[in-house]
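Presented below is the structure to which this report refers.
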Amino acid sequence: MNTIIQATNLQKSYAGQRVVDGLSLSIHKGECFGLLGPNGAGKTTTLRMLLGLSTPDSGEITLLDLPVPRAAREARIRVGVVPQMDNLDPDFTVAENLLVYGRYFGMKDSEIEARIPSLLEFASLTNKRDAKVPTLSGGMKRRLTLARALVNDPEVLFLDEPTTGLDPQARHVIWQRLRELTQQGKTLLLTTHFMDEAERLCHRLAVLDNGKLISQGTPRELIEQNIEPQVVEVFGETAETWANEFAAGFSQRFEVSGETVFCYVRDAQPLVSHLQAQKALRYLHRPANLEDVFLKLTGREMRE
Ligand code: ADP
């Protein structure tokens, strides 16, 4: 297996506080690898260290077989980055943004110009070539940021929350483009808050909390290893009273959150039959998903 990113026992503290704590990761060629975790879990700090933009207090990193941060500049020439916030130049047109960015990599203008049509086509922005950035929609700006990250034809792409702030249509377009990139053999490392995004896109995932890796595997492995296969959500004003009396008898595990009871079960049939007779309650029976795993591993409390 071709290892593209290798991190071993990374540690990073800010003001005496460990924000990345003993993290090791191995990311292989052609895979889409997702870093999940609540706010403040250390995802962005990890990406920055892997790119050589922040120096770990200890631990080892290789990116494309080059030691980071020592040879980070050399490695970054073969890497594309899609930052969390679009930092396109508002004074330039779509095509000019690609041109200026390509120059950072030492590419000749003629070389960049030759790539622009295919980058615009990939981003579905061919007819926006001469539009100024402020006239673009949020989805278009994201697609341009993605196209810009591809200007140097990178082998690896780092994407920090690539679809945050986009509407469902725009997210689906980005997902489709990211799938095309992995099909071309590019390696993707992304952070996301969206479990549906992680489940759809990522071959493997790592869940971080408080700077530590708490679980790792394919989406299916994470679900199978951490949680019962079926979930019955029970809703209604009397749900909590119902839970106190019945939930434990019908489920392997249950959680009450507001007026909803989440029942995690191996066999949902007895519970569903029972609920059909409870006219004051509504329920939803569904397969367990990554969000259930995430909430089990990292808790339901809000993180600021
Ligand atoms: P995530 O991306 O998972 O939300 P971050 O890596 O951004 O998490 O942040 C992890 C923790 O490190 C947070 O508590 C954040 O406030 C802190 N942090 C990140 N960067 C800095 C910095 N440059 N200086 C001080 N604290 C930082």
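Letters A, B, ... mark the chains of the structure tokens in the order given; residue numbers begin at 1 per chain; ligand numbers begin at 1, in order shown.
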
May I ask you to write as a count of residues only all residues lying at most 10 Å from ligand 1, with only C-alpha atoms and all ligand atoms counted?
37

Closest-contact table, range 170-220 of chain A side, partner range 138-143 of chain A, 9 Å, counting only C-alpha atoms, as a tab-separated table:
residue	atom	partner	partner_atom	distance
A:Ala170	CA	A:Gly139	CA	5.2
A:Arg171	CA	A:Gly139	CA	7.8
A:Val173	CA	A:Gly139	CA	8.6
A:Ile174	CA	A:Arg143	CA	7.0
A:Arg177	CA	A:Arg143	CA	8.9

For range 102-211 of chain A versus range 58-73 of chain A, which residues have an atom no more than 12 Å away, and what is each residue's nearest atom pair and distance in Å rounded to one decimal, using only C-alpha atoms, chain-then-number order, as a tab-separated table?
residue	atom	partner	partner_atom	distance
A:Tyr104	CA	A:Arg73	CA	11.5
A:Phe105	CA	A:Arg73	CA	10.1
A:Pro154	CA	A:Leu64	CA	10.9
A:Glu155	CA	A:Leu64	CA	8.6
A:Val156	CA	A:Leu64	CA	8.5
A:Leu157	CA	A:Leu63	CA	11.5
A:Phe158	CA	A:Leu63	CA	11.6
A:Thr187	CA	A:Leu64	CA	10.6
A:Leu189	CA	A:Leu63	CA	11.9

From a DSSP pass on the backbone, collect the residues of range 29-264 of chain A flagged as helix (DSSP H, G or I) and hand them back as an MDAnalysis selection string.
chainID A and resid 43:50 72:76 94:104 109:122 126:128 133:135 138:149 168:183 195:201 219:226 239:250

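Residues of range 71-129 of chain A carrying a DSSP assignment of strand (DSSP E or B), computed from the backbone, are Val79, Gly80, Val81, Val82 and Thr93 of chain A.
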